[in-house]
Structures are given as structure tokens and as C-alpha cells.
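Heads up: the structure comes next, in C-alpha cells.
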Amino acid sequence: MGALAGHLSALAHAGDPGEVGDALCAAAVEVLDLDAARLIHPGEEPGPWARRRPAAPSPRVPLARLEAMADAARAAGDVVVGRTRNGRVLAVPVDPQGGEDSVVLVGVIRGTAPVGDGVGELAALLAIQAAARWQAIDEQKAPQIGGMLDGVVGQTELDIAPRVDQFELLQSLSAALAGVRTEHEVGQAVVHELRRIVEYGACRFYTLAPDGDTLLPIVQVGLEDAYADDRPEDLIVHVGEGITGRVFAEGEAVRFDDAGAVPWAVDVPGDPVVEESMLAAPLMTQEGAIGVVVVSKVGIAQFGEDDLKVLKLVAALATVAVESARNQTEQREAAEVSEALLELAAALSLQSSVDGIARMVALALDRLMQCAGISVWLRDGGDLVPAALVGYTPREDERLMRLRLPASAEPLGPALLTRRVMVVNVDEAPVLAGCLDAAPAGTTFALIAVGERSANRGLIVVQRGPRRGPPAPRDERMLLGIADQALLAVANRALYDELETSFLATVEALGNALDLKDSYTNDHAQALVGMCTAVAERMGLPDADVRDVSFASALHDIGKIGIPLEILNKPARLTVDEFEVMKRHPELGGRIIAPVPALAGARELVVACHEHFDGSGYPLGLAGDQIPIGARIILACDAYHAMVSDRVYRKAMSSREAVAELRRCAGGQFDAEVVDSLVAVISSMEAAGAAER
């Protein structure tokens with residue numbers, strides 16, 4: 001949202017028509033996520049390409065194709081999308097009423113993904129600003145610009161003044177959305193600013209709940225008496241239910257002059273039956289709808305088509321803001337989870353008793369989840385006894401700590417036999433609910449076994465109130481990960497000495513933390529371990545060196561924990577500056593595992609596993625035998641696995657193509673002896689796989 005507001009401001013302050021055109025193309029590239037954009041002026045040479053990366057080559061789209069798309073956009077008076085051999089072309093009429101003399105913005109998008117509805121609405125918003133600025137620069141164009149604005153928003157009879165006024169209000173909304181951090185704040189900004197654009201009696205801002213089937217009114221306002229007593233719980237609908245649910249499911253903005261006459265309309269409980277008009281616009285992303293904005297007003301035909309166009313623009317702005325807020329939330333949560341898991345790993349490694357481990361697990365869950373209470377239970381023979389409690393009152397603590405429950409008791413017994421999170425209602429767990437001072441309807445208990453069946457060591461119970469509801473899928477994954485950490489720590493405490501326990505718990509915790517931050521890295525590391533170990537064994541390395549190679553290959557990317565998420569998860573190739581940041585991760589990895597004496601040999605390999613045989617690698621520029629043999633093995637195996645894996649910016653190579661690339665780079669990037677051994681291992685793995693099939 002900040003980028004959109006900034007580009008709108010740049011358009012508004014451009015000093016001449018040429019600057020307006022340049023600003024419009026630059027805004028289109030960033031805001032509409034285009035690879036390149038330019039203006040098509042009839043009878044003139046096209047303007048220069050504005051590209052996502054200035055150094056990128058110009059798109060290879062024939063000029064005749066662009067001019068044909070421009071003609072189609074002029075004829076339609078609307079955004080037109082066409083295909084090219086490698087992607088899509090977007091044509092946006094900036095002044096569609098200008099006929100043969102109109103200017104058209106054309107943009108190029110690589111790939112085959114469909115262009116979402118929100119792109120057209122945002123393109124129209126940028127066109128409004130450009131047209132308004134052209135009018136301010138050259139008053140001689142006022143009649144033509146009036147036509148431009150009318151065409152962009154689908155209005156043919158109003159003069160320029162109302163349209164510019166509406167644009168200013170939309171610009172105000174974009175500025176209001178620029179600083180929001182949550183979906184609720186987005187809804188508040190939309191409801192507040194929309195009132196200045198459309199005179200409504202009620203406005204409701206819905207988002208899709210985590211269950212994927214429920215639409216929740218996260219913000220609502222009722223200005224007319226008929227809507228003043230609406231309660232949020234009465235406005236909740238399912239996807240496909242009523243006008244709101246149907247608009248969400250079908251993904252099209254709709255105006256209803258008489259909402260009561262719509263066959264699928266449903267009444268709000270407690271509301272009087274009145275004649276009302278409604279507008280509803282979905283929040284559309286490339287993957288589908290994520291919410292709906294609904295406005296209503298008492299009376300028949302209270303809204304015009306122009307109001308619907310404005311609501312669609314508002315919904316497009318809100319979509320960008322909601323996605324941005326969600327991304328911020330996900331990144332913030334991922335960072336918090338990674339940090340907490342690392343701290344948990346360190347804390348678990350220092351505990352000298354199983355009860356201490358249980359206490360650390362409870363405290364970690366209290367930090368990572370919003371819940372009413374947490375209890376950790378440990379097995380004592382055939383019984384479960386509480387070892388740690390967090391979030392309960394002193395009286396509740398006393399009652400719970402007196403319990404000694406058979407491991408087969410409901411609902412504990414079934415939970416101990418499964419490898420999943422089991423959620424039960426308060427009336428299904430009377431033995432737990434009976435210890436609470438209050439247990440309102442809607443209270444849930446999530447039960448997670450610490451180990452399954454014969455390996456079971458205990459149970460984690462997370463209590464949530466009716467407002468929070470049961471754990472979300474993200475919380476369940478985290479609970480299982482923490483339960484795995486708890487099981488590891490408890491089992492190791494019983495079987496190994498303190499040093500070995502600390503070592504294994506730390507390695508496991510680091511792996512889990514990296515998995516939550518970058519799932520590709522974890523899957524990649526798991527696949528890499530077997531290959532690196534096989535190559536090391538084939539080359540005749542001593543057992544201790546093979547062990548170091550195995551651990552280093554599992555942890556070679558652990559330093560990425562310290563790389564910003566926006567770089568680590570960027571869905572495209574990194575810039576030069578971003579790659580310089582990424583190049584820090586081998587040294588960061590070495591510092592992370594340095595405190596673990598058992599990983600001293602692996603640490604040397606982690607730091608050097610991106611050094612090239614010819615000296616062109618990083619971070620130290622080592623060459624030849626200066627690079628430990630284990631690091632040379634990891635480099636070659638890492639490169640092969642990366643080449644045969646799909647990335648967001650390219651498809652995977654075949655094994656034959658990847659082997660050819662290894663051969664080509666042998667003696668340069670890679671040690672030729674290592675490449676020979678790796679190719680032999682790959683051949684044997686492929687032969688074994690073919691035999692199994």
C-alpha cells in the first residue's frame with residue numbers, strides 16, 4: 001500500500017506531460033506487478049520501456065502486437081488482456097473516449113498465471129490520476145480528460161468535477177491504508193473512507209476465516225436505524241450463503257436495487273423487514289477471493305452503477321492492503337516462532353531434569369500461542385501426572401497438581417495413541433474441566449502426545465476459550481513440532497549423559513527452526529545428507545570425517561536463519577545487494593553451531609561449503625586444497641540437488657542436464673575428483689530406483 005500511495009503522489013506532482021507518462025509507466029510496473037510498461041501514442045513512436053529491473057532487456061513483443069492490443073483497448077474502453085508466446089500483455093486505456101487519438105498504457109507479464117480482477121481496478125485508478133494530472137497541466141485538454149475519467153469508471157454523463165473529487169477520496173483511502181498492520185485496521189480504514197465516497201446506511205467488511213468456509217464481519221457500522229442493532233455474530237455467513245456468500249463464491253461485484261427480491265438473500269436475525277439496496281464487491285487475489293465489502297441503504301435503487309465502480313476500486317485497494325497485512329503477520333510470526341524455538345532448544349539443553357524440560361515447553365507454548373492455560377503431563381508407569389502448569393489460578397493449579405490420571409482415561413488415552421493434535425470440547429473432558437474455576441461453553445482442549453504408543457513420554461494440553469476457538473492449522477503444526485522437541489529432550493535425558501543430550505537437542509531445534517522459516521531449505525537439507533554421505537564414503541574418507549560431512553550437509557544452510565525473510569523467500573532472482581546479504585549465511589551458520597563442541601568438525605565445512613575450487617566462491621575466496629574435502633563434496637552435491645529441484649523462478653533440470661553441468665564446471669567451480677564420485681553415486685541411486693519400480 002505504501003508503494004501505491006507513493007506512486008499516486010508522484011503522478012499528482014509530475015511537472016509536464018512527459019513526466020506524467022514516465023510516472024504512470026513506473027507506477028504500473030510496481031503496483032500492477034508488471035515486468036515492463038510503455039505508452040502507445042497513435043501516430044507516434046512508442047515511449048521507452050519502464051522495466052522492473054533497469055538492466056533487464058526490453059520485452060520481445062512485436063510492436064504490431066502492442067498496437068493491436070492498444071486498438072482493442074480503445075475499442076473496448078476498458079482493460080484488455082491478451083496472450084504472447086511467453087506471457088500476457090495488459091492494455092489500459094488512459095483516455096478511452098478519445099477515439100483514434102487516445103493514449104494506451106501497455107504492460108508485459110511473463111508466465112501463464114491469469115491476471116486478477118484487482119489488477120484492472122488498480123490500473124483504472126492509476127489512469128484516473130494520470131488523466132487528472134494531464135488536465136491540471138494543460139487546461140486545453142479539459143473536455144478530453146473529462147471523457148477519459150468517464151470512460152475509466154464507466155460513467156458517461158457526469159462532468160469532470162465529481163470524478164476528480166472521487167479520485168481524491170480514493171487517494172485518501174490509499175494513504176490511510178499505507179500504514180496498516182492488521183486486517184482489522186484495513187477494514188476500519190475502508191469503512192471510514194468509503195462513507196466519504198458512497199452514502200450508505202450500513203457497511204460490512206468481511207474476510208475469510210481460517211476454516212475456508214466462513215465469512216467473518218471483522219468491521220461493521222450501521223448508520224441507519226434499521227442496521228443500528230446488528231450484531232457481528234448474526235452477520236456471519238458461509239461461502240455461497242446469502243448475497244455476501246454468493247458474491248464471494250462467484251467473484252464478481254454486483255449491485256442489487258432491491259435486495260429483498262434476490263432469491264438467495266437471507267434475513268439478518270432480529271432485523272426488521274425493510275426495502276433496501278445493496279452493493280457487494282469481493283476482494284480478489286490471483287488465488288481467489290479473500291473477503292467481501294458490502295454496503296446497504298434503506299430504499300429501492302439507492303445506488304447507481306457509478307457507486308458500484310467506486311466500490312470495486314475500493315475493494316481492489318483493500319485487497320492489496322489485506323495481502324500486505326497478512327504477509328507482515330506471517331513474517332512476524334515466523335520470526336517469533338524461530339526465535340522462540342531457538343531459545344527453547346537452548347533452554348531444553350540446559351535442563352537437568354525432566355520436570356525442567358516440561359516447564360520450558362509450557363513457557364514456550366505460552367509465548368507462541370494465545371491460550372487460556374497450558375499443562376504438560378509426564379508418564380509415570382501407567383499413569384499421567386502434571387509436571388508443569390501455566391496460565392491457571394492458584395486454586396486451579398492446586399486441583400490440577402493433585403490429579404493422577406490413568407493413561408487410558410478419556411480423553412487422554414486416544415490422544416496418546418495418535419500422531420496428531422486432538423481437539424475436544426469442554427464437555428468431553430470433565431476430568432480437566434472439573435478443576436477449573438469456570439469453563440464456559442465453547443472452551444476447547446487440544447491434546448498432543450509427546451511420543452506415540454510405546455514411545456509415549458507424556459502429553460501436552462492447551463486450553464483455549466470460546467473467543468479464540470481451537471488451534472489454527474499453523475498452531476497445530478507448531479504444537480507437533482514442540483511435542484517432537486519435548487519428546488527428544490525427555491528421551492535423551494533418560495538415555496544419555498548431559499553433554500550428548502545438549503548436543504542432540506540443539507541440532508534438532510536448529511533444524512526445526514529453519515524448517516519453519518524456509519520449508520525448501522529443510523527438505524533440501526534432508527535430501528542432501530544421504531547424497532553427501534554416500535560420496536564421502538565412496539571417496540574413502542575416515543569415519544569421523546564422514547560423520548562431519550553428514551552433520552555439515554544437514555546444517556550447511558542453518559545460517560539462513562539470520563537472513564531477512566524478504567530475501568530468503570523472494571519469488572525471483574536476487575539483486576546484487578540482496579545476494580551480498582545472502583553470502584553472509586555460511587559465516588552465520590558457523591557462529592550458530594560454534595558453541596557445540598561435537599560440531600567443531602562440521603563447523604569448518606559449513607563455513608567453507610560455498611567456496612569454489614577455482615577460488616571464485618565465498619566467504620573467504622579459498623581455492624583447491626585450501627578448501628576442506630568435505631566442503632567440496634557438499635558444494636557439488638548442493639549444486640546438483642538445486643539444479644534438479646523446482647524453484648519459484650525456474651523449472652528443474654533433468655538429471656542428465658544437471659550431470660552435464662557438473663562435468664562442464666569440473667576443475668573450475670567443482671573439484672573434478674568429487675564430480676566423478678558424485679556422478680557415480682547418482683548413477684547407482686537412479687539404478688536402484690529403477691529396480692524398485
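Chain labels run A, B, ... following the order of the C-alpha cells; each chain numbers its residues from 1, and ligands are numbered from 1 in the order shown.
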
Excluding same-chain residues fewer than 6 positions from region 55-72 of chain A, what lies within 9 Å of it counting only C-alpha atoms, as a VMD selection string? chain A and resid 35 to 36 40 42 46 49 78 80 to 82 84 to 85 89 to 93 100 103 to 106 108

Serialized selection, N, CA and C atoms, as a PDB file, in the first residue's frame:
```
ATOM      1  N   ASP A  35       6.349  -6.788 -15.667  1.00  0.00           N
ATOM      2  CA  ASP A  35       7.780  -6.852 -15.969  1.00  0.00           C
ATOM      3  C   ASP A  35       8.241  -5.587 -16.692  1.00  0.00           C
ATOM      4  N   ALA A  36       7.350  -4.980 -17.505  1.00  0.00           N
ATOM      5  CA  ALA A  36       7.700  -3.744 -18.215  1.00  0.00           C
ATOM      6  C   ALA A  36       6.406  -3.066 -18.665  1.00  0.00           C
ATOM      7  N   ILE A  40       1.522   3.875 -25.634  1.00  0.00           N
ATOM      8  CA  ILE A  40       1.329   3.836 -27.082  1.00  0.00           C
ATOM      9  C   ILE A  40       0.549   5.083 -27.490  1.00  0.00           C
ATOM     10  N   PRO A  42      -0.947   7.098 -30.697  1.00  0.00           N
ATOM     11  CA  PRO A  42      -1.261   6.916 -32.118  1.00  0.00           C
ATOM     12  C   PRO A  42      -0.458   7.881 -32.986  1.00  0.00           C
ATOM     13  N   PRO A  46       6.386   4.718 -29.926  1.00  0.00           N
ATOM     14  CA  PRO A  46       6.046   4.387 -28.531  1.00  0.00           C
ATOM     15  C   PRO A  46       7.079   4.945 -27.568  1.00  0.00           C
ATOM     16  N   TRP A  49      10.475   1.755 -22.674  1.00  0.00           N
ATOM     17  CA  TRP A  49      10.012   0.765 -21.703  1.00  0.00           C
ATOM     18  C   TRP A  49      10.462   1.161 -20.297  1.00  0.00           C
ATOM     19  N   ASP A  78     -11.886  -0.229 -22.030  1.00  0.00           N
ATOM     20  CA  ASP A  78     -11.659  -0.932 -20.767  1.00  0.00           C
ATOM     21  C   ASP A  78     -10.329  -1.666 -20.855  1.00  0.00           C
ATOM     22  N   VAL A  80      -7.825  -4.579 -21.364  1.00  0.00           N
ATOM     23  CA  VAL A  80      -7.842  -5.761 -22.223  1.00  0.00           C
ATOM     24  C   VAL A  80      -6.578  -6.565 -21.951  1.00  0.00           C
ATOM     25  N   VAL A  81      -6.728  -7.885 -21.852  1.00  0.00           N
ATOM     26  CA  VAL A  81      -5.601  -8.774 -21.607  1.00  0.00           C
ATOM     27  C   VAL A  81      -5.469  -9.748 -22.765  1.00  0.00           C
ATOM     28  N   GLY A  82      -4.266  -9.892 -23.319  1.00  0.00           N
ATOM     29  CA  GLY A  82      -4.011 -10.822 -24.410  1.00  0.00           C
ATOM     30  C   GLY A  82      -2.800 -11.677 -24.123  1.00  0.00           C
ATOM     31  N   THR A  84       0.836 -13.652 -25.194  1.00  0.00           N
ATOM     32  CA  THR A  84       2.002 -13.662 -26.059  1.00  0.00           C
ATOM     33  C   THR A  84       2.619 -15.054 -25.960  1.00  0.00           C
ATOM     34  N   ARG A  85       3.701 -15.258 -26.675  1.00  0.00           N
ATOM     35  CA  ARG A  85       4.320 -16.576 -26.645  1.00  0.00           C
ATOM     36  C   ARG A  85       4.814 -16.936 -25.249  1.00  0.00           C
ATOM     37  N   VAL A  89      -0.080  -9.706 -22.195  1.00  0.00           N
ATOM     38  CA  VAL A  89       0.006  -8.272 -22.441  1.00  0.00           C
ATOM     39  C   VAL A  89      -1.246  -7.631 -21.876  1.00  0.00           C
ATOM     40  N   LEU A  90      -1.055  -6.571 -21.094  1.00  0.00           N
ATOM     41  CA  LEU A  90      -2.152  -5.837 -20.488  1.00  0.00           C
ATOM     42  C   LEU A  90      -2.230  -4.466 -21.157  1.00  0.00           C
ATOM     43  N   ALA A  91      -3.404  -4.081 -21.662  1.00  0.00           N
ATOM     44  CA  ALA A  91      -3.590  -2.777 -22.299  1.00  0.00           C
ATOM     45  C   ALA A  91      -4.635  -1.995 -21.523  1.00  0.00           C
ATOM     46  N   VAL A  92      -4.269  -0.786 -21.085  1.00  0.00           N
ATOM     47  CA  VAL A  92      -5.139   0.035 -20.245  1.00  0.00           C
ATOM     48  C   VAL A  92      -5.399   1.361 -20.958  1.00  0.00           C
ATOM     49  N   PRO A  93      -6.639   1.644 -21.359  1.00  0.00           N
ATOM     50  CA  PRO A  93      -6.936   2.934 -21.999  1.00  0.00           C
ATOM     51  C   PRO A  93      -6.890   4.059 -20.971  1.00  0.00           C
ATOM     52  N   GLU A 100      -9.553   7.479 -31.889  1.00  0.00           N
ATOM     53  CA  GLU A 100      -8.290   7.129 -32.520  1.00  0.00           C
ATOM     54  C   GLU A 100      -7.105   7.893 -31.938  1.00  0.00           C
ATOM     55  N   VAL A 103      -4.517   7.606 -25.782  1.00  0.00           N
ATOM     56  CA  VAL A 103      -3.259   7.034 -25.325  1.00  0.00           C
ATOM     57  C   VAL A 103      -3.569   5.746 -24.564  1.00  0.00           C
ATOM     58  N   VAL A 104      -2.718   4.718 -24.742  1.00  0.00           N
ATOM     59  CA  VAL A 104      -2.934   3.438 -24.080  1.00  0.00           C
ATOM     60  C   VAL A 104      -1.641   3.014 -23.382  1.00  0.00           C
ATOM     61  N   LEU A 105      -1.789   2.594 -22.135  1.00  0.00           N
ATOM     62  CA  LEU A 105      -0.677   2.010 -21.383  1.00  0.00           C
ATOM     63  C   LEU A 105      -0.664   0.517 -21.665  1.00  0.00           C
ATOM     64  N   VAL A 106       0.475  -0.015 -22.122  1.00  0.00           N
ATOM     65  CA  VAL A 106       0.596  -1.458 -22.332  1.00  0.00           C
ATOM     66  C   VAL A 106       1.657  -1.997 -21.386  1.00  0.00           C
ATOM     67  N   VAL A 108       3.676  -5.794 -19.918  1.00  0.00           N
ATOM     68  CA  VAL A 108       4.030  -7.171 -20.234  1.00  0.00           C
ATOM     69  C   VAL A 108       4.266  -7.932 -18.938  1.00  0.00           C
TER      70      VAL A 108
END
```

For region 621-627 of chain A, list every protein, DNA or RNA residue within 10 Å, evaluated using only C-alpha atoms, and leave out those in the same chain fewer than 2 positions away; present the list as a list in words. Glu604, Leu605, Ala608, Cys609, His610, Glu611, His612, Phe613, Asp614, Gly615, Ser616, Gly617, Tyr618, Pro619, Ile629, Gly630, Ala631, Arg632, Gly667, Gly668, Gln669, Phe670 and Asp671 of chain A

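For the atom pair formed by CA of Asp475 (chain A) and CA of Ala345 (chain A), the distance is 18.3 Å, given to one decimal.
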
Please, which residues in region 182-228 of chain A fall within 9 Å of region 237-241 of chain A when counting only C-alpha atoms, and what is the closest atom pair and distance in Å to one decimal for each, ordered by chain then residue number, as CSV?
```
residue,atom,partner,partner_atom,distance
A:Leu208,CA,A:Val239,CA,8.6
A:Gly212,CA,A:Val239,CA,8.2
A:Asp213,CA,A:Val239,CA,5.4
A:Thr214,CA,A:His238,CA,4.5
A:Leu215,CA,A:Val237,CA,5.4
A:Leu216,CA,A:Val237,CA,7.1
A:Pro217,CA,A:Val237,CA,8.9
```

If you run DSSP on the backbone here, which positions in region 422-505 of chain A get helix (DSSP H, G or I)? Please write them as number ranges by chain. A: 426-428, 430-433, 453-455, 473-495, 498-505

Residues at most 10 Å from Val354 (chain A), counting only C-alpha atoms, excluding those fewer than 3 positions away in the same chain, as a ChimeraX atom specification? /A:348,351,357-360,378,387,486,489-494

Can you list, as an MDAnalysis selection string, every protein, DNA or RNA residue that comes within 10 Å of Glu410 (chain A) when you count only C-alpha atoms, leaving out same-chain residues fewer than 4 positions away? chainID A and resid 405:406 414:415 428:431

Selected residues, C-alpha atoms, written as an mmCIF file, in the first residue's frame, please.
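Done, and the output landed in part38.cif:
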```cif
data_model
loop_
_atom_site.group_PDB
_atom_site.id
_atom_site.type_symbol
_atom_site.label_atom_id
_atom_site.label_comp_id
_atom_site.auth_asym_id
_atom_site.auth_seq_id
_atom_site.Cartn_x
_atom_site.Cartn_y
_atom_site.Cartn_z
ATOM 1 C CA LEU A 405 -4.885 -39.988 35.776
ATOM 2 C CA PRO A 406 -4.729 -43.419 34.154
ATOM 3 C CA PRO A 414 -6.994 -41.814 22.486
ATOM 4 C CA ALA A 415 -4.714 -38.767 22.270
ATOM 5 C CA GLU A 428 -15.804 -34.163 26.519
ATOM 6 C CA ALA A 429 -13.093 -33.631 29.141
ATOM 7 C CA PRO A 430 -14.881 -33.485 32.516
ATOM 8 C CA VAL A 431 -11.786 -34.591 34.409
#
```

Could you write out, as a PyMOL selection string, all the residues of region 158-331 of chain A that DSSP marks as strand (DSSP E)? chain A and resi 202-208+214-222+237-238+254-256+276-285+288-298
